[in-house]
Amino acid sequence: MPETSLKERIKQGLLLLDGAMGTELIVRGIEVGTCNDYLNIDSPDIISDIHNAYLLAGSDVIITNTFGANKYALARHGLAEQAARINKAGAQIARRAAGQQKYVLGDIGPSGDFLEPLGTLKPNEFRDTYTAQAEALLAGGADGLIVETMTAIDEAVIAIEAAKSVAGNLPVVISMSFDRAGDNFKTMMGVGVEAAVSKLVPLNVDAAGFNCGTLSLDDYVKLAEKFVSEVKALSDDVTVSAEPNAGKPELVEDKAVYKVSPDDFAAAAEKIRSAGVSIIGGCCGTSPAHIEAMAKKIRTTT
């Protein structure tokens, strides 16, 4: 691990994350529908290759291949009992790639299920699941945890509380997924930016922001401006993060295709940075080429 902790490094300014994992797996021949998280066990060299590509592109932080590695998501592949093994392996792969110079964030994604009364799951069940995932990621060598692509505020809160319960002095980042809602932005579950920030910032997260969604690049810039404004109104200690997709996906032969070029993505990332976002990466559709273009653009203008 680097000499400067990730918690301290976050406070020092610009920090570049990596880009998409799923897109890169498809490029490498992994079929859609595969349990990507189990590749940490079955094909670790593929995951390591993707991590290394992002590190060479300029990422300061790589995110573990564990987005769907909670027991609820893994159960859909018959792998719920392998959750701890998959998460620890994912963190170990990233740790080896990052070495002593770069950082690793352990990735915690949504369960795909719902809490009562909308669903059947109880808060303690959620909490136990996310606690176990966080413990395995930290055991594998993660420098911190990122709870991302959340759309339900109750699940996000429980996931943060679970992560913080085992993180100790390591940082916890929360990232929600927003779409357009008229002149504003809301998650799939109807949570607006102001409502999300008002619930999440008081939980003493190290960074709060957004990722994924179906927005255009211009909309991601507007979302960044709004998010920064809402966060800074509540706290000067919480950093804002952003992982936009490579623009709005287009449906081509029943497949979601992202057509934004690396240069266009970098131009948008520069505007997002100018809005006050300090942690920037990419989500769906972004590649090492997008991250490299972003790194060159932002680091020469910051």
# chains A, B, ... in the order shown; residues from 1 in each chain; ligands from 1
call {"tool": "residues_around", "arguments": {"residues": "A:Ala152", "least_positions_apart": "5", "cutoff": "12 Å", "atoms": "only C-alpha atoms", "output": "VMD selection string"}}
result
chain A and resid 109 to 115 118 to 119 157 to 159 175 to 178 186 to 192 195 to 196 199 to 200
call {"tool": "select_by_dssp", "arguments": {"residues": "stretch 9-152 of chain A", "states": "helix (DSSP H, G or I)", "output": "ChimeraX atom specification"}}
result
/A:9-11,22-27,36-42,44-57,71-75,80-98,123-139
call {"tool": "atom_distance", "arguments": {"atom1": "atom CA of A:Ala134", "atom2": "atom CA of A:Lys88"}}
result
9.4 Å
call {"tool": "closest_residue", "arguments": {"among": "A:Gly285, A:Gly247, A:Gly144, A:Gly78", "to": "A:Asp107", "atoms": "only C-alpha atoms"}}
result
A:Gly144
call {"tool": "residues_around", "arguments": {"residues": "A:Ala269", "least_positions_apart": "5", "cutoff": "10 Å", "atoms": "only C-alpha atoms", "output": "PyMOL selection string"}}
result
chain A and resi 217+220-221+224+242-244+263-264+274-275+277+280-282+291+293-295+297-298
call {"tool": "residues_around", "arguments": {"residues": "A:Leu203", "least_positions_apart": "4", "cutoff": "12 Å", "atoms": "only C-alpha atoms", "output": "list of chain:residue names"}}
result
A:Ala156, A:Val157, A:Ile158, A:Ala159, A:Ile160, A:Glu161, A:Ala162, A:Ala163, A:Lys164, A:Ser165, A:Val172, A:Val173, A:Ile174, A:Ala196, A:Val197, A:Ser198, A:Lys199, A:Ala207, A:Ala208, A:Leu234, A:Ser235, A:Asp237, A:Val238
call {"tool": "write_last_selection", "arguments": {"atoms": "all heavy atoms", "output": "compact mmCIF listing (two decimals), in the first residue's frame"}}
result
# COMPACT_ATOMS: atom_id res chain seq x y z
N ALA A 156 -28.75 2.45 0.33
CA ALA A 156 -27.47 3.17 0.36
C ALA A 156 -27.04 3.46 1.79
O ALA A 156 -25.86 3.28 2.14
CB ALA A 156 -27.59 4.47 -0.43
N VAL A 157 -27.97 3.90 2.62
CA VAL A 157 -27.65 4.22 4.01
C VAL A 157 -27.15 2.97 4.75
O VAL A 157 -26.15 3.01 5.46
CB VAL A 157 -28.87 4.83 4.72
CG1 VAL A 157 -28.65 4.89 6.23
CG2 VAL A 157 -29.17 6.22 4.17
N ILE A 158 -27.85 1.86 4.57
CA ILE A 158 -27.44 0.63 5.25
C ILE A 158 -26.08 0.16 4.76
O ILE A 158 -25.23 -0.28 5.55
CB ILE A 158 -28.50 -0.47 5.05
CG1 ILE A 158 -29.76 -0.12 5.86
CG2 ILE A 158 -27.97 -1.84 5.48
CD1 ILE A 158 -30.92 -1.07 5.62
N ALA A 159 -25.84 0.26 3.46
CA ALA A 159 -24.55 -0.16 2.91
C ALA A 159 -23.41 0.70 3.45
O ALA A 159 -22.33 0.20 3.77
CB ALA A 159 -24.58 -0.09 1.38
N ILE A 160 -23.65 2.00 3.57
CA ILE A 160 -22.63 2.90 4.13
C ILE A 160 -22.37 2.55 5.59
O ILE A 160 -21.21 2.44 6.02
CB ILE A 160 -23.08 4.37 4.03
CG1 ILE A 160 -23.11 4.81 2.57
CG2 ILE A 160 -22.14 5.28 4.83
CD1 ILE A 160 -23.79 6.14 2.35
N GLU A 161 -23.42 2.38 6.35
CA GLU A 161 -23.26 2.04 7.76
C GLU A 161 -22.50 0.73 7.93
O GLU A 161 -21.63 0.61 8.81
CB GLU A 161 -24.63 1.96 8.43
CG GLU A 161 -25.32 3.30 8.56
CD GLU A 161 -26.75 3.20 9.07
OE1 GLU A 161 -27.29 2.07 9.09
OE2 GLU A 161 -27.31 4.25 9.46
N ALA A 162 -22.80 -0.25 7.08
CA ALA A 162 -22.10 -1.53 7.15
C ALA A 162 -20.62 -1.35 6.80
O ALA A 162 -19.74 -1.89 7.48
CB ALA A 162 -22.75 -2.52 6.20
N ALA A 163 -20.36 -0.60 5.74
CA ALA A 163 -18.97 -0.37 5.31
C ALA A 163 -18.18 0.34 6.40
O ALA A 163 -17.05 -0.04 6.72
CB ALA A 163 -18.95 0.43 4.01
N LYS A 164 -18.77 1.38 6.97
CA LYS A 164 -18.07 2.16 7.99
C LYS A 164 -17.85 1.36 9.27
O LYS A 164 -16.90 1.60 10.01
CB LYS A 164 -18.83 3.45 8.28
CG LYS A 164 -18.74 4.47 7.16
CD LYS A 164 -19.40 5.78 7.53
CE LYS A 164 -18.61 6.52 8.60
NZ LYS A 164 -17.29 6.97 8.15
N SER A 165 -18.72 0.39 9.53
CA SER A 165 -18.59 -0.40 10.75
C SER A 165 -17.33 -1.26 10.76
O SER A 165 -16.87 -1.67 11.82
CB SER A 165 -19.82 -1.29 10.94
OG SER A 165 -19.82 -2.38 10.03
N VAL A 172 -14.64 5.69 3.02
CA VAL A 172 -15.84 5.13 2.41
C VAL A 172 -16.42 6.18 1.47
O VAL A 172 -16.63 7.33 1.86
CB VAL A 172 -16.89 4.73 3.47
CG1 VAL A 172 -18.19 4.29 2.79
CG2 VAL A 172 -16.35 3.62 4.36
N VAL A 173 -16.67 5.77 0.23
CA VAL A 173 -17.22 6.65 -0.81
C VAL A 173 -18.61 6.14 -1.18
O VAL A 173 -18.82 4.93 -1.30
CB VAL A 173 -16.31 6.65 -2.06
CG1 VAL A 173 -16.90 7.53 -3.16
CG2 VAL A 173 -14.90 7.09 -1.70
N ILE A 174 -19.56 7.04 -1.37
CA ILE A 174 -20.90 6.66 -1.81
C ILE A 174 -21.20 7.31 -3.16
O ILE A 174 -20.92 8.50 -3.36
CB ILE A 174 -21.99 7.05 -0.78
CG1 ILE A 174 -23.40 6.78 -1.32
CG2 ILE A 174 -21.86 8.51 -0.37
CD1 ILE A 174 -23.72 5.33 -1.59
N ALA A 196 -30.79 13.02 -1.63
CA ALA A 196 -29.69 12.08 -1.47
C ALA A 196 -28.56 12.68 -0.64
O ALA A 196 -28.08 12.08 0.32
CB ALA A 196 -29.16 11.65 -2.84
N VAL A 197 -28.16 13.88 -1.00
CA VAL A 197 -27.06 14.54 -0.30
C VAL A 197 -27.41 14.78 1.17
O VAL A 197 -26.57 14.58 2.06
CB VAL A 197 -26.70 15.86 -1.00
CG1 VAL A 197 -25.74 16.70 -0.15
CG2 VAL A 197 -26.08 15.58 -2.37
N SER A 198 -28.65 15.19 1.43
CA SER A 198 -29.04 15.48 2.81
C SER A 198 -29.02 14.24 3.70
O SER A 198 -28.83 14.34 4.91
CB SER A 198 -30.44 16.11 2.85
OG SER A 198 -31.43 15.18 2.44
N LYS A 199 -29.19 13.06 3.09
CA LYS A 199 -29.15 11.81 3.85
C LYS A 199 -27.74 11.24 3.95
O LYS A 199 -27.37 10.65 4.98
CB LYS A 199 -30.05 10.76 3.16
CG LYS A 199 -31.53 10.98 3.33
CD LYS A 199 -32.00 10.50 4.70
CE LYS A 199 -33.51 10.49 4.78
NZ LYS A 199 -33.99 10.00 6.10
N ALA A 207 -16.38 10.78 0.61
CA ALA A 207 -16.74 11.37 -0.67
C ALA A 207 -18.14 10.90 -1.05
O ALA A 207 -18.55 9.79 -0.71
CB ALA A 207 -15.74 10.98 -1.77
N ALA A 208 -18.85 11.76 -1.75
CA ALA A 208 -20.19 11.43 -2.23
C ALA A 208 -20.31 11.94 -3.66
O ALA A 208 -19.79 13.00 -4.01
CB ALA A 208 -21.26 12.08 -1.35
N LEU A 234 -23.62 21.72 2.80
CA LEU A 234 -23.70 20.97 4.05
C LEU A 234 -22.34 20.73 4.70
O LEU A 234 -22.24 20.65 5.93
CB LEU A 234 -24.37 19.61 3.82
CG LEU A 234 -25.85 19.62 3.45
CD1 LEU A 234 -26.34 18.19 3.26
CD2 LEU A 234 -26.67 20.31 4.54
N SER A 235 -21.29 20.60 3.88
CA SER A 235 -19.98 20.24 4.44
C SER A 235 -18.84 20.63 3.52
O SER A 235 -18.95 20.49 2.29
CB SER A 235 -19.93 18.72 4.69
OG SER A 235 -18.64 18.32 5.08
N ASP A 237 -15.96 19.16 4.20
CA ASP A 237 -15.07 18.03 4.43
C ASP A 237 -15.34 16.84 3.51
O ASP A 237 -14.53 15.92 3.45
CB ASP A 237 -15.19 17.54 5.88
CG ASP A 237 -14.75 18.60 6.89
OD1 ASP A 237 -13.80 19.34 6.57
OD2 ASP A 237 -15.35 18.69 7.96
N VAL A 238 -16.48 16.86 2.82
CA VAL A 238 -16.84 15.75 1.94
C VAL A 238 -16.46 16.07 0.51
O VAL A 238 -16.90 17.08 -0.05
CB VAL A 238 -18.35 15.44 2.04
CG1 VAL A 238 -18.74 14.33 1.06
CG2 VAL A 238 -18.70 15.02 3.46
call {"tool": "residues_around", "arguments": {"residues": "stretch 140-143 of chain A", "least_positions_apart": "3", "cutoff": "7 Å", "atoms": "only C-alpha atoms", "output": "PDB file with N, CA and C atoms, in the first residue's frame"}}
result
ATOM      1  N   LEU A   6      -5.149   6.400   1.617  1.00  0.00           N
ATOM      2  CA  LEU A   6      -6.129   6.886   0.656  1.00  0.00           C
ATOM      3  C   LEU A   6      -7.007   7.971   1.287  1.00  0.00           C
ATOM      4  N   LYS A  88     -12.622 -11.361  -1.573  1.00  0.00           N
ATOM      5  CA  LYS A  88     -11.225 -11.330  -1.154  1.00  0.00           C
ATOM      6  C   LYS A  88     -10.298 -11.495  -2.347  1.00  0.00           C
ATOM      7  N   ALA A  89     -10.647 -12.406  -3.241  1.00  0.00           N
ATOM      8  CA  ALA A  89      -9.824 -12.621  -4.440  1.00  0.00           C
ATOM      9  C   ALA A  89      -9.798 -11.377  -5.318  1.00  0.00           C
ATOM     10  N   ALA A  91     -10.115  -8.267  -4.406  1.00  0.00           N
ATOM     11  CA  ALA A  91      -9.253  -7.260  -3.778  1.00  0.00           C
ATOM     12  C   ALA A  91      -7.787  -7.634  -3.919  1.00  0.00           C
ATOM     13  N   GLN A  92      -7.467  -8.910  -3.804  1.00  0.00           N
ATOM     14  CA  GLN A  92      -6.076  -9.354  -3.921  1.00  0.00           C
ATOM     15  C   GLN A  92      -5.535  -9.127  -5.328  1.00  0.00           C
ATOM     16  N   ARG A  95      -4.959  -5.417  -5.624  1.00  0.00           N
ATOM     17  CA  ARG A  95      -3.821  -5.022  -4.777  1.00  0.00           C
ATOM     18  C   ARG A  95      -2.492  -5.343  -5.457  1.00  0.00           C
ATOM     19  N   TYR A 103      -3.766   3.002  -5.568  1.00  0.00           N
ATOM     20  CA  TYR A 103      -4.742   2.650  -4.548  1.00  0.00           C
ATOM     21  C   TYR A 103      -5.816   1.703  -5.077  1.00  0.00           C
ATOM     22  N   VAL A 104      -6.470   1.016  -4.132  1.00  0.00           N
ATOM     23  CA  VAL A 104      -7.547   0.081  -4.460  1.00  0.00           C
ATOM     24  C   VAL A 104      -8.796   0.442  -3.658  1.00  0.00           C
ATOM     25  N   LEU A 105      -9.921   0.587  -4.354  1.00  0.00           N
ATOM     26  CA  LEU A 105     -11.217   0.745  -3.702  1.00  0.00           C
ATOM     27  C   LEU A 105     -12.004  -0.550  -3.869  1.00  0.00           C
ATOM     28  N   GLY A 106     -12.498  -1.083  -2.767  1.00  0.00           N
ATOM     29  CA  GLY A 106     -13.328  -2.275  -2.825  1.00  0.00           C
ATOM     30  C   GLY A 106     -14.741  -1.904  -3.230  1.00  0.00           C
ATOM     31  N   ALA A 136     -14.493  -8.865   3.636  1.00  0.00           N
ATOM     32  CA  ALA A 136     -13.702  -9.659   2.689  1.00  0.00           C
ATOM     33  C   ALA A 136     -12.850  -8.774   1.793  1.00  0.00           C
ATOM     34  N   LEU A 137     -13.395  -7.641   1.371  1.00  0.00           N
ATOM     35  CA  LEU A 137     -12.632  -6.723   0.521  1.00  0.00           C
ATOM     36  C   LEU A 137     -11.436  -6.149   1.267  1.00  0.00           C
ATOM     37  N   LEU A 170     -10.181   3.715   7.301  1.00  0.00           N
ATOM     38  CA  LEU A 170     -10.145   3.694   5.834  1.00  0.00           C
ATOM     39  C   LEU A 170     -11.360   4.436   5.271  1.00  0.00           C
TER      40      LEU A 170
END
call {"tool": "residues_around", "arguments": {"residues": "A:Ala246", "least_positions_apart": "6", "cutoff": "10 Å", "atoms": "only C-alpha atoms", "output": "list of chain:residue names"}}
result
A:Gly19, A:Ala20, A:Cys212, A:Thr214, A:Leu215, A:Ser216, A:Leu217, A:Val257, A:Tyr258, A:Lys259, A:Val260, A:Ser261, A:Pro262, A:Asp264, A:Phe265, A:Ala266, A:Ala268, A:Gly282, A:Cys283, A:Cys284, A:Gly285, A:Thr286, A:Ser287, A:His290
call {"tool": "closest_residue", "arguments": {"among": "A:Ser5, A:Asn40, A:Thr120, A:Ser59", "to": "A:Asn87", "atoms": "only C-alpha atoms"}}
result
A:Asn40
call {"tool": "residues_around", "arguments": {"residues": "stretch 33-38 of chain A", "least_positions_apart": "5", "cutoff": "12 Å", "atoms": "only C-alpha atoms", "output": "ChimeraX atom specification"}}
result
/A:21-26,43-44,46-47,64-71,73-91,93,107-109
call {"tool": "closest_residue", "arguments": {"among": "A:Val252, A:Lys11, A:Gln101, A:Ile279", "to": "A:Asp236", "atoms": "only C-alpha atoms"}}
result
A:Lys11
call {"tool": "atom_distance", "arguments": {"atom1": "atom CA of A:Pro2", "atom2": "atom CA of A:Leu15"}}
result
14.1 Å
call {"tool": "select_by_dssp", "arguments": {"residues": "stretch 52-300 of chain A", "states": "strand (DSSP E or B)", "output": "count of residues only"}}
result
48
call {"tool": "closest_residue", "arguments": {"among": "A:Asp218, A:Ala98, A:Leu14, A:Arg9", "to": "A:Asp49", "atoms": "only C-alpha atoms"}}
result
A:Ala98
call {"tool": "atom_distance", "arguments": {"atom1": "atom CA of A:Pro171", "atom2": "atom CA of A:Phe210"}}
result
16.7 Å
